[in-house]
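> Provided herewith: final33.cif, mmCIF, C-alpha atoms.
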```cif
data_run
loop_
_atom_site.group_PDB
_atom_site.id
_atom_site.type_symbol
_atom_site.label_atom_id
_atom_site.label_comp_id
_atom_site.auth_asym_id
_atom_site.auth_seq_id
_atom_site.Cartn_x
_atom_site.Cartn_y
_atom_site.Cartn_z
ATOM 1 C CA MET A 1 274.999 84.790 280.865
ATOM 2 C CA LYS A 2 273.400 82.354 278.493
ATOM 3 C CA ASN A 3 275.035 84.079 275.541
ATOM 4 C CA ILE A 4 278.490 83.892 277.131
ATOM 5 C CA ILE A 5 278.200 80.151 277.810
ATOM 6 C CA ALA A 6 276.884 79.532 274.283
ATOM 7 C CA THR A 7 279.736 81.610 272.834
ATOM 8 C CA ILE A 8 282.347 79.717 274.908
ATOM 9 C CA LEU A 9 280.909 76.346 273.874
ATOM 10 C CA PHE A 10 280.770 77.421 270.245
ATOM 11 C CA ALA A 11 284.387 78.649 270.334
ATOM 12 C CA THR A 12 285.462 75.429 272.053
ATOM 13 C CA SER A 13 283.738 73.289 269.433
ATOM 14 C CA VAL A 14 285.311 75.289 266.582
ATOM 15 C CA GLY A 15 288.716 74.989 268.239
ATOM 16 C CA LEU A 16 288.308 71.214 268.721
ATOM 17 C CA PHE A 17 287.288 70.879 265.103
ATOM 18 C CA PHE A 18 290.354 72.697 263.760
ATOM 19 C CA LEU A 19 292.814 71.277 266.286
ATOM 20 C CA PHE A 20 291.663 67.670 266.517
ATOM 21 C CA THR A 21 288.831 66.510 264.228
ATOM 22 C CA ASN A 22 289.901 68.114 260.940
ATOM 23 C CA PRO A 23 293.558 66.986 261.199
ATOM 24 C CA LEU A 24 292.383 63.418 261.864
ATOM 25 C CA TYR A 25 290.023 63.581 258.906
ATOM 26 C CA VAL A 26 292.609 64.776 256.421
ATOM 27 C CA GLY A 27 295.489 62.761 257.891
ATOM 28 C CA LYS A 28 297.609 65.380 259.605
ATOM 29 C CA GLY A 29 297.008 64.486 263.221
ATOM 30 C CA ASP A 30 299.814 64.497 265.753
ATOM 31 C CA THR A 31 298.802 61.296 267.539
ATOM 32 C CA SER A 32 300.608 58.070 266.731
ATOM 33 C CA ASP A 33 297.682 55.729 266.058
ATOM 34 C CA ASP A 34 296.999 54.446 262.532
ATOM 35 C CA ILE A 35 293.825 56.439 261.969
ATOM 36 C CA SER A 36 295.455 59.772 262.691
ATOM 37 C CA GLU A 37 298.469 59.025 260.479
ATOM 38 C CA LYS A 38 296.464 57.926 257.465
ATOM 39 C CA GLY A 39 293.457 60.136 257.854
ATOM 40 C CA VAL A 40 289.919 59.099 257.249
ATOM 41 C CA LYS A 41 289.975 60.307 253.615
ATOM 42 C CA GLU A 42 293.079 58.244 252.897
ATOM 43 C CA LEU A 43 291.550 55.189 254.553
ATOM 44 C CA LEU A 44 288.335 55.606 252.561
ATOM 45 C CA LYS A 45 290.373 55.877 249.381
ATOM 46 C CA ARG A 46 292.298 52.702 250.244
ATOM 47 C CA LYS A 47 289.031 50.945 251.086
ATOM 48 C CA SER A 48 287.710 51.857 247.639
ATOM 49 C CA GLU A 49 290.886 50.538 246.000
ATOM 50 C CA TYR A 50 290.610 47.281 247.945
ATOM 51 C CA GLU A 51 286.975 46.875 246.924
ATOM 52 C CA THR A 52 287.937 47.411 243.270
ATOM 53 C CA ALA A 53 290.719 44.834 243.611
ATOM 54 C CA LYS A 54 288.290 42.412 245.267
ATOM 55 C CA ASN A 55 285.796 42.840 242.413
ATOM 56 C CA ASN A 56 288.543 42.369 239.819
ATOM 57 C CA SER A 57 289.795 39.241 241.561
ATOM 58 C CA GLY A 58 286.247 37.895 241.502
ATOM 59 C CA LYS A 59 286.131 38.441 237.735
ATOM 60 C CA ILE A 60 289.517 36.775 237.324
ATOM 61 C CA LEU A 61 288.444 33.766 239.384
ATOM 62 C CA LYS A 62 285.263 33.472 237.317
ATOM 63 C CA LYS A 63 287.284 33.580 234.078
ATOM 64 C CA ARG A 64 289.745 31.024 235.480
ATOM 65 C CA ASP A 65 286.876 28.682 236.325
ATOM 66 C CA GLU A 66 285.436 29.093 232.820
ATOM 67 C CA LEU A 67 288.817 28.275 231.269
ATOM 68 C CA ILE A 68 289.289 25.250 233.520
ATOM 69 C CA GLU A 69 285.827 24.038 232.569
ATOM 70 C CA GLN A 70 286.642 24.567 228.891
ATOM 71 C CA ARG A 71 289.965 22.714 229.267
ATOM 72 C CA ASN A 72 288.246 19.847 231.064
ATOM 73 C CA SER A 73 285.766 19.545 228.188
ATOM 74 C CA PHE A 74 288.637 18.514 225.861
ATOM 75 C CA SER A 75 289.140 14.808 225.455
ATOM 76 C CA GLN A 76 292.414 13.267 226.607
ATOM 77 C CA ASN A 77 293.367 12.680 222.973
ATOM 78 C CA ASP A 78 292.727 16.351 222.106
ATOM 79 C CA ARG A 79 294.930 17.463 225.011
ATOM 80 C CA LYS A 80 297.689 15.153 223.799
ATOM 81 C CA ASN A 81 297.369 16.589 220.278
ATOM 82 C CA ILE A 82 297.561 20.184 221.560
ATOM 83 C CA VAL A 83 300.722 19.403 223.509
ATOM 84 C CA GLN A 84 302.203 17.775 220.414
ATOM 85 C CA LEU A 85 301.236 20.767 218.235
ATOM 86 C CA ILE A 86 303.211 23.280 220.291
ATOM 87 C CA PRO A 87 304.791 21.634 223.337
ATOM 88 C CA ASP A 88 305.628 23.615 226.471
ATOM 89 C CA ASN A 89 309.138 22.206 226.498
ATOM 90 C CA ILE A 90 311.434 20.767 223.898
ATOM 91 C CA ASP A 91 312.229 17.089 224.125
ATOM 92 C CA ASN A 92 315.059 16.587 221.642
ATOM 93 C CA VAL A 93 314.986 12.816 221.939
ATOM 94 C CA GLN A 94 311.239 12.606 221.275
ATOM 95 C CA LEU A 95 311.559 15.015 218.348
ATOM 96 C CA ILE A 96 314.246 12.833 216.744
ATOM 97 C CA LEU A 97 312.180 9.693 217.428
ATOM 98 C CA ASP A 98 309.142 11.303 215.759
ATOM 99 C CA LEU A 99 311.184 12.326 212.714
ATOM 100 C CA ASN A 100 312.814 8.897 212.548
ATOM 101 C CA GLY A 101 309.392 7.229 212.806
ATOM 102 C CA ILE A 102 308.152 9.157 209.774
ATOM 103 C CA ALA A 103 311.346 8.336 207.862
ATOM 104 C CA LYS A 104 311.087 4.614 208.722
ATOM 105 C CA ARG A 105 307.660 4.418 207.065
ATOM 106 C CA TYR A 106 309.461 5.030 203.778
ATOM 107 C CA GLY A 107 312.552 2.913 204.465
ATOM 108 C CA MET A 108 314.747 5.941 205.128
ATOM 109 C CA LEU A 109 317.275 6.442 207.891
ATOM 110 C CA LEU A 110 318.170 9.813 209.403
ATOM 111 C CA LYS A 111 321.915 10.500 209.399
ATOM 112 C CA GLY A 112 324.121 13.341 210.603
ATOM 113 C CA ILE A 113 321.537 14.804 212.955
ATOM 114 C CA ARG A 114 322.439 18.272 214.273
ATOM 115 C CA ILE A 115 320.352 20.308 216.699
ATOM 116 C CA GLU A 116 320.608 24.068 217.112
ATOM 117 C CA GLN A 117 318.688 25.250 220.152
ATOM 118 C CA GLY A 118 317.661 28.764 221.015
ATOM 119 C CA SER A 119 317.005 29.977 217.505
ATOM 120 C CA THR A 120 315.525 33.441 217.581
ATOM 121 C CA LEU A 121 312.224 34.213 215.952
ATOM 122 C CA LYS A 122 312.078 37.080 213.516
ATOM 123 C CA GLU A 123 309.270 39.575 213.070
ATOM 124 C CA GLY A 124 306.418 38.102 211.064
ATOM 125 C CA GLN A 125 307.114 34.491 211.976
ATOM 126 C CA ILE A 126 304.676 32.281 213.833
ATOM 127 C CA GLY A 127 302.964 33.708 216.886
ATOM 128 C CA VAL A 128 301.831 37.113 218.012
ATOM 129 C CA ASN A 129 304.452 37.570 220.705
ATOM 130 C CA LYS A 130 307.890 36.263 219.849
ATOM 131 C CA ASP A 131 308.789 36.317 223.565
ATOM 132 C CA GLN A 132 306.334 33.454 224.162
ATOM 133 C CA LEU A 133 307.809 31.070 221.607
ATOM 134 C CA SER A 134 311.204 29.622 221.007
ATOM 135 C CA SER A 135 312.360 27.447 218.175
ATOM 136 C CA ILE A 136 314.816 24.683 217.527
ATOM 137 C CA SER A 137 316.456 23.789 214.231
ATOM 138 C CA VAL A 138 317.203 20.188 213.333
ATOM 139 C CA SER A 139 319.413 19.286 210.387
ATOM 140 C CA PHE A 140 319.751 15.766 209.034
ATOM 141 C CA LYS A 141 320.496 13.782 205.883
ATOM 142 C CA VAL A 142 318.436 11.077 204.230
ATOM 143 C CA ALA A 143 318.835 8.998 201.096
ATOM 144 C CA ALA A 144 315.708 8.239 199.059
ATOM 145 C CA THR A 145 314.144 8.447 195.653
ATOM 146 C CA TYR A 146 312.462 11.709 194.766
ATOM 147 C CA GLU A 147 308.954 10.213 195.048
ATOM 148 C CA THR A 148 309.695 8.704 198.458
ATOM 149 C CA PHE A 149 311.172 11.956 199.720
ATOM 150 C CA VAL A 150 308.083 13.906 198.594
ATOM 151 C CA LYS A 151 305.881 11.464 200.546
ATOM 152 C CA PHE A 152 308.165 11.936 203.579
ATOM 153 C CA LEU A 153 307.745 15.720 203.313
ATOM 154 C CA GLN A 154 303.969 15.353 202.979
ATOM 155 C CA ASP A 155 303.856 13.275 206.172
ATOM 156 C CA LEU A 156 306.043 15.850 207.888
ATOM 157 C CA GLU A 157 303.666 18.573 206.699
ATOM 158 C CA THR A 158 300.566 16.791 207.990
ATOM 159 C CA SER A 159 302.070 15.775 211.324
ATOM 160 C CA LEU A 160 300.665 17.508 214.396
ATOM 161 C CA ARG A 161 303.927 19.245 215.239
ATOM 162 C CA ILE A 162 304.395 22.583 213.499
ATOM 163 C CA VAL A 163 307.462 22.232 211.289
ATOM 164 C CA ASP A 164 308.995 24.634 208.780
ATOM 165 C CA VAL A 165 311.513 23.397 206.224
ATOM 166 C CA THR A 166 314.184 26.114 206.226
ATOM 167 C CA LYS A 167 316.853 24.521 204.043
ATOM 168 C CA LEU A 168 316.826 21.752 201.494
ATOM 169 C CA SER A 169 319.578 20.571 199.176
ATOM 170 C CA PHE A 170 320.198 17.319 197.340
ATOM 171 C CA LYS A 171 322.827 15.443 195.369
ATOM 172 C CA PRO A 172 321.941 12.808 192.779
ATOM 173 C CA THR A 173 323.600 9.426 192.560
ATOM 174 C CA ASP A 174 323.882 6.931 189.712
ATOM 175 C CA THR A 175 321.272 4.652 191.290
ATOM 176 C CA GLY A 176 318.371 7.148 191.136
ATOM 177 C CA VAL A 177 318.573 7.707 194.865
ATOM 178 C CA TYR A 178 319.201 11.256 196.032
ATOM 179 C CA ASN A 179 321.105 12.342 199.130
ATOM 180 C CA PHE A 180 318.931 15.016 200.726
ATOM 181 C CA ASP A 181 320.267 17.495 203.273
ATOM 182 C CA ILE A 182 317.343 19.088 205.123
ATOM 183 C CA THR A 183 316.970 21.582 207.960
ATOM 184 C CA ILE A 184 313.655 22.031 209.732
ATOM 185 C CA LYS A 185 312.533 24.414 212.436
ATOM 186 C CA THR A 186 309.964 23.531 215.080
ATOM 187 C CA TYR A 187 308.559 25.614 217.908
ATOM 188 C CA TRP A 188 307.809 25.322 221.603
ATOM 189 C CA LEU A 189 306.217 27.533 224.252
ATOM 190 C CA LYS A 190 308.452 29.279 226.764
ATOM 191 C CA LYS A 191 307.425 28.979 230.390
#
```
Can you turn what I pasted into structure tokens?


Amino acid sequence: MKNIIATILFATSVGLFFLFTNPLYVGKGDTSDDISEKGVKELLKRKSEYETAKNNSGKILKKRDELIEQRNSFSQNDRKNIVQLIPDNIDNVQLILDLNGIAKRYGMLLKGIRIEQGSTLKEGQIGVNKDQLSSISVSFKVAATYETFVKFLQDLETSLRIVDVTKLSFKPTDTGVYNFDITIKTYWLKK
């Protein structure tokens, strides 16, 4: 009698395992609750993925805090210079005022100013990723002696804003003053 009861209990436990426990564990249960639909293995896998994401987010937050601390260590003047070097937007008016300010130091006046926005960057130009930068071309005319114009270009070269001279032509006059036609390209960060 003891063997029959033990055999019945063993068969019942095997049947419960294959009909109920195993399907829940592998996610093929017939009940409608969340555990039976996902299965314990699937839930453990998702838990592992969430823990990995949590650890990665911790690393990202730590890096963000380090970068914020590094940014805060810059002086206000350094921050202003960085923004002037490669601004995050293009302010056409300020650009023209900056160029005009340099020209005024040498008694020159900018004339015939033309702005071409949205210039495309070509391979090999400034920056690693051309999708992060955009450029703007500014054309203008000035009248000056050769020596004065060279000084103007030197100031333009040493200004904080990155500027490339892309076109330069000139016409002499009888007075020793040249009419220079110049096109420059400057860059800004896309948001």

> Here's the selection I'm unsure about, the PyMOL selection byres ((chain A and resi 107) around 12); applied to the file above, which residues does it give, as a PyMOL selection string?

chain A and resi 100-106+108-110+142-145+148-149+151-152

> Using C-alpha atoms, can you write the selected residues to a file as a compact mmCIF listing (two decimals), in the frame of the given file?


```
# COMPACT_ATOMS: atom_id res chain seq x y z
CA ASN A 100 312.81 8.90 212.55
CA GLY A 101 309.39 7.23 212.81
CA ILE A 102 308.15 9.16 209.77
CA ALA A 103 311.35 8.34 207.86
CA LYS A 104 311.09 4.61 208.72
CA ARG A 105 307.66 4.42 207.06
CA TYR A 106 309.46 5.03 203.78
CA MET A 108 314.75 5.94 205.13
CA LEU A 109 317.27 6.44 207.89
CA LEU A 110 318.17 9.81 209.40
CA VAL A 142 318.44 11.08 204.23
CA ALA A 143 318.83 9.00 201.10
CA ALA A 144 315.71 8.24 199.06
CA THR A 145 314.14 8.45 195.65
CA THR A 148 309.70 8.70 198.46
CA PHE A 149 311.17 11.96 199.72
CA LYS A 151 305.88 11.46 200.55
CA PHE A 152 308.17 11.94 203.58
```

> Would you compute an axis-aligned box for region 98-117 of chain A, covering every atom listed for it in the file with 3 Å of margin on each side, and report centre and edge lengths in Å to one decimal as AutoDock Vina command-line options?


```
--center_x 315.9 --center_y 14.1 --center_z 212.0 --size_x 22.5 --size_y 28.3 --size_z 22.4
```

> Taking the point (316.2, 24.1, 202.4) as given in the file, collect each protein or nucleic acid residue that comes within 8 Å of it, counting only C-alpha atoms, and present the set as a count of residues only.

8

> So how far away is CA of Phe140 (chain A) from CA of Pro87 (chain A), in Å?

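Calculated distance between CA of Pro87 (chain A) and CA of Phe140 (chain A) is 21.5 Å.
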
> Which residues, named as in the file, does the PyMOL selection byres ((chain A and resi 74-84) around 10) pick out? Answer as a list of chain:residue names.

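For this structure, the PyMOL selection byres ((chain A and resi 74-84) around 10) resolves to A:Glu69, A:Gln70, A:Arg71, A:Asn72, A:Ser73, A:Leu85, A:Ile86, A:Pro87, A:Asp88, A:Asn89, A:Leu95, A:Ser159, A:Leu160, A:Arg161, A:Ile162, A:Trp188, A:Leu189.
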
> From the list A:Gln132, A:Thr173, A:Gln117, A:Gln154, which residue is nearest Lys185 (chain A) when using only C-alpha atoms?

A:Gln117

> Which value, in Å to one decimal, gives the distance between CA of Lys190 (chain A) and CA of Leu133 (chain A)?

5.5 Å

> Provide the CA of Ser134 (chain A) to CA of Glu116 (chain A) distance in Å, to one decimal place.

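Atom-to-atom, CA of Ser134 (chain A) and CA of Glu116 (chain A) are spaced 11.6 Å apart.
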
> Just checking: using only C-alpha atoms, which residue out of A:Ile136, A:Gly112, A:Val150, A:Thr158 ends up closest to Ile184 (chain A)?

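Using only C-alpha atoms, the shortest distance to Ile184 (chain A) belongs to A:Ile136.
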
> Could you pull region 105-119 of chain A out of the structure I just pasted and write it to a file containing all heavy atoms, as an mmCIF file, in the first residue's frame?


```cif
data_model
loop_
_atom_site.group_PDB
_atom_site.id
_atom_site.type_symbol
_atom_site.label_atom_id
_atom_site.label_comp_id
_atom_site.auth_asym_id
_atom_site.auth_seq_id
_atom_site.Cartn_x
_atom_site.Cartn_y
_atom_site.Cartn_z
ATOM 1 N N ARG A 105 39.517 99.594 -37.161
ATOM 2 C CA ARG A 105 40.837 99.840 -36.569
ATOM 3 C C ARG A 105 41.830 100.376 -37.598
ATOM 4 O O ARG A 105 42.803 101.040 -37.246
ATOM 5 C CB ARG A 105 41.397 98.553 -35.973
ATOM 6 C CG ARG A 105 40.722 98.112 -34.739
ATOM 7 C CD ARG A 105 41.428 96.907 -34.144
ATOM 8 N NE ARG A 105 40.407 95.997 -33.638
ATOM 9 C CZ ARG A 105 40.529 94.706 -33.511
ATOM 10 N NH1 ARG A 105 41.653 94.125 -33.871
ATOM 11 N NH2 ARG A 105 39.557 93.979 -33.046
ATOM 12 N N TYR A 106 41.583 100.052 -38.852
ATOM 13 C CA TYR A 106 42.495 100.458 -39.929
ATOM 14 C C TYR A 106 41.865 101.492 -40.861
ATOM 15 O O TYR A 106 42.360 101.727 -41.949
ATOM 16 C CB TYR A 106 42.948 99.224 -40.706
ATOM 17 C CG TYR A 106 43.649 98.248 -39.807
ATOM 18 C CD1 TYR A 106 42.997 97.108 -39.366
ATOM 19 C CD2 TYR A 106 44.934 98.507 -39.348
ATOM 20 C CE1 TYR A 106 43.633 96.226 -38.507
ATOM 21 C CE2 TYR A 106 45.573 97.631 -38.488
ATOM 22 C CZ TYR A 106 44.919 96.493 -38.063
ATOM 23 O OH TYR A 106 45.541 95.627 -37.204
ATOM 24 N N GLY A 107 40.778 102.119 -40.412
ATOM 25 C CA GLY A 107 40.135 103.166 -41.195
ATOM 26 C C GLY A 107 39.428 102.654 -42.431
ATOM 27 O O GLY A 107 39.240 103.399 -43.387
ATOM 28 N N MET A 108 39.048 101.393 -42.429
ATOM 29 C CA MET A 108 38.357 100.809 -43.583
ATOM 30 C C MET A 108 36.872 100.688 -43.278
ATOM 31 O O MET A 108 36.457 100.632 -42.122
ATOM 32 C CB MET A 108 38.927 99.414 -43.909
ATOM 33 C CG MET A 108 40.394 99.437 -44.268
ATOM 34 S SD MET A 108 41.059 97.856 -44.845
ATOM 35 C CE MET A 108 40.574 96.698 -43.619
ATOM 36 N N LEU A 109 36.087 100.624 -44.348
ATOM 37 C CA LEU A 109 34.647 100.475 -44.218
ATOM 38 C C LEU A 109 34.203 99.304 -45.093
ATOM 39 O O LEU A 109 34.569 99.226 -46.266
ATOM 40 C CB LEU A 109 33.952 101.766 -44.678
ATOM 41 C CG LEU A 109 32.431 101.791 -44.602
ATOM 42 C CD1 LEU A 109 31.965 101.664 -43.154
ATOM 43 C CD2 LEU A 109 31.908 103.075 -45.209
ATOM 44 N N LEU A 110 33.449 98.395 -44.510
ATOM 45 C CA LEU A 110 32.927 97.255 -45.274
ATOM 46 C C LEU A 110 31.801 97.731 -46.181
ATOM 47 O O LEU A 110 30.921 98.470 -45.763
ATOM 48 C CB LEU A 110 32.389 96.169 -44.338
ATOM 49 C CG LEU A 110 33.347 95.562 -43.327
ATOM 50 C CD1 LEU A 110 32.636 94.484 -42.517
ATOM 51 C CD2 LEU A 110 34.568 94.982 -44.000
ATOM 52 N N LYS A 111 31.829 97.292 -47.434
ATOM 53 C CA LYS A 111 30.782 97.664 -48.392
ATOM 54 C C LYS A 111 30.297 96.407 -49.097
ATOM 55 O O LYS A 111 31.028 95.426 -49.214
ATOM 56 C CB LYS A 111 31.330 98.637 -49.440
ATOM 57 C CG LYS A 111 31.829 99.945 -48.892
ATOM 58 C CD LYS A 111 32.401 100.785 -50.005
ATOM 59 C CE LYS A 111 33.050 102.035 -49.437
ATOM 60 N NZ LYS A 111 33.715 102.812 -50.470
ATOM 61 N N GLY A 112 29.094 96.458 -49.623
ATOM 62 C CA GLY A 112 28.554 95.372 -50.435
ATOM 63 C C GLY A 112 28.550 94.027 -49.722
ATOM 64 O O GLY A 112 28.920 93.016 -50.307
ATOM 65 N N ILE A 113 28.105 94.016 -48.494
ATOM 66 C CA ILE A 113 28.130 92.786 -47.699
ATOM 67 C C ILE A 113 27.061 91.824 -48.209
ATOM 68 O O ILE A 113 25.900 92.193 -48.363
ATOM 69 C CB ILE A 113 27.902 93.104 -46.210
ATOM 70 C CG1 ILE A 113 28.994 94.043 -45.703
ATOM 71 C CG2 ILE A 113 27.844 91.825 -45.390
ATOM 72 C CD1 ILE A 113 28.733 94.619 -44.336
ATOM 73 N N ARG A 114 27.485 90.588 -48.484
ATOM 74 C CA ARG A 114 26.565 89.516 -48.898
ATOM 75 C C ARG A 114 26.807 88.310 -47.999
ATOM 76 O O ARG A 114 27.954 87.938 -47.756
ATOM 77 C CB ARG A 114 26.800 89.124 -50.355
ATOM 78 C CG ARG A 114 26.444 90.192 -51.366
ATOM 79 C CD ARG A 114 26.637 89.703 -52.807
ATOM 80 N NE ARG A 114 27.826 88.919 -53.049
ATOM 81 C CZ ARG A 114 29.007 89.411 -53.437
ATOM 82 N NH1 ARG A 114 29.137 90.703 -53.618
ATOM 83 N NH2 ARG A 114 30.033 88.610 -53.655
ATOM 84 N N ILE A 115 25.706 87.687 -47.585
ATOM 85 C CA ILE A 115 25.800 86.517 -46.706
ATOM 86 C C ILE A 115 25.158 85.337 -47.407
ATOM 87 O O ILE A 115 24.041 85.439 -47.917
ATOM 88 C CB ILE A 115 25.097 86.789 -45.356
ATOM 89 C CG1 ILE A 115 25.812 87.928 -44.636
ATOM 90 C CG2 ILE A 115 25.058 85.533 -44.511
ATOM 91 C CD1 ILE A 115 25.164 88.366 -43.362
ATOM 92 N N GLU A 116 25.879 84.230 -47.430
ATOM 93 C CA GLU A 116 25.349 82.980 -47.996
ATOM 94 C C GLU A 116 25.322 81.950 -46.875
ATOM 95 O O GLU A 116 26.349 81.460 -46.431
ATOM 96 C CB GLU A 116 26.248 82.485 -49.130
ATOM 97 C CG GLU A 116 25.769 81.195 -49.745
ATOM 98 C CD GLU A 116 26.768 80.637 -50.743
ATOM 99 O OE1 GLU A 116 27.450 81.411 -51.420
ATOM 100 O OE2 GLU A 116 26.850 79.406 -50.814
ATOM 101 N N GLN A 117 24.112 81.662 -46.400
ATOM 102 C CA GLN A 117 23.979 80.701 -45.303
ATOM 103 C C GLN A 117 23.845 79.289 -45.838
ATOM 104 O O GLN A 117 23.511 79.068 -46.990
ATOM 105 C CB GLN A 117 22.753 81.028 -44.458
ATOM 106 C CG GLN A 117 22.949 82.261 -43.633
ATOM 107 C CD GLN A 117 21.811 82.501 -42.682
ATOM 108 O OE1 GLN A 117 20.690 82.130 -42.947
ATOM 109 N NE2 GLN A 117 22.111 83.119 -41.567
ATOM 110 N N GLY A 118 24.110 78.341 -44.948
ATOM 111 C CA GLY A 118 23.896 76.940 -45.281
ATOM 112 C C GLY A 118 24.921 76.367 -46.228
ATOM 113 O O GLY A 118 24.633 75.428 -46.942
ATOM 114 N N SER A 119 26.102 76.923 -46.252
ATOM 115 C CA SER A 119 27.154 76.350 -47.084
ATOM 116 C C SER A 119 27.447 74.940 -46.590
ATOM 117 O O SER A 119 27.448 74.679 -45.396
ATOM 118 C CB SER A 119 28.430 77.183 -46.987
ATOM 119 O OG SER A 119 28.177 78.486 -47.429
#
```
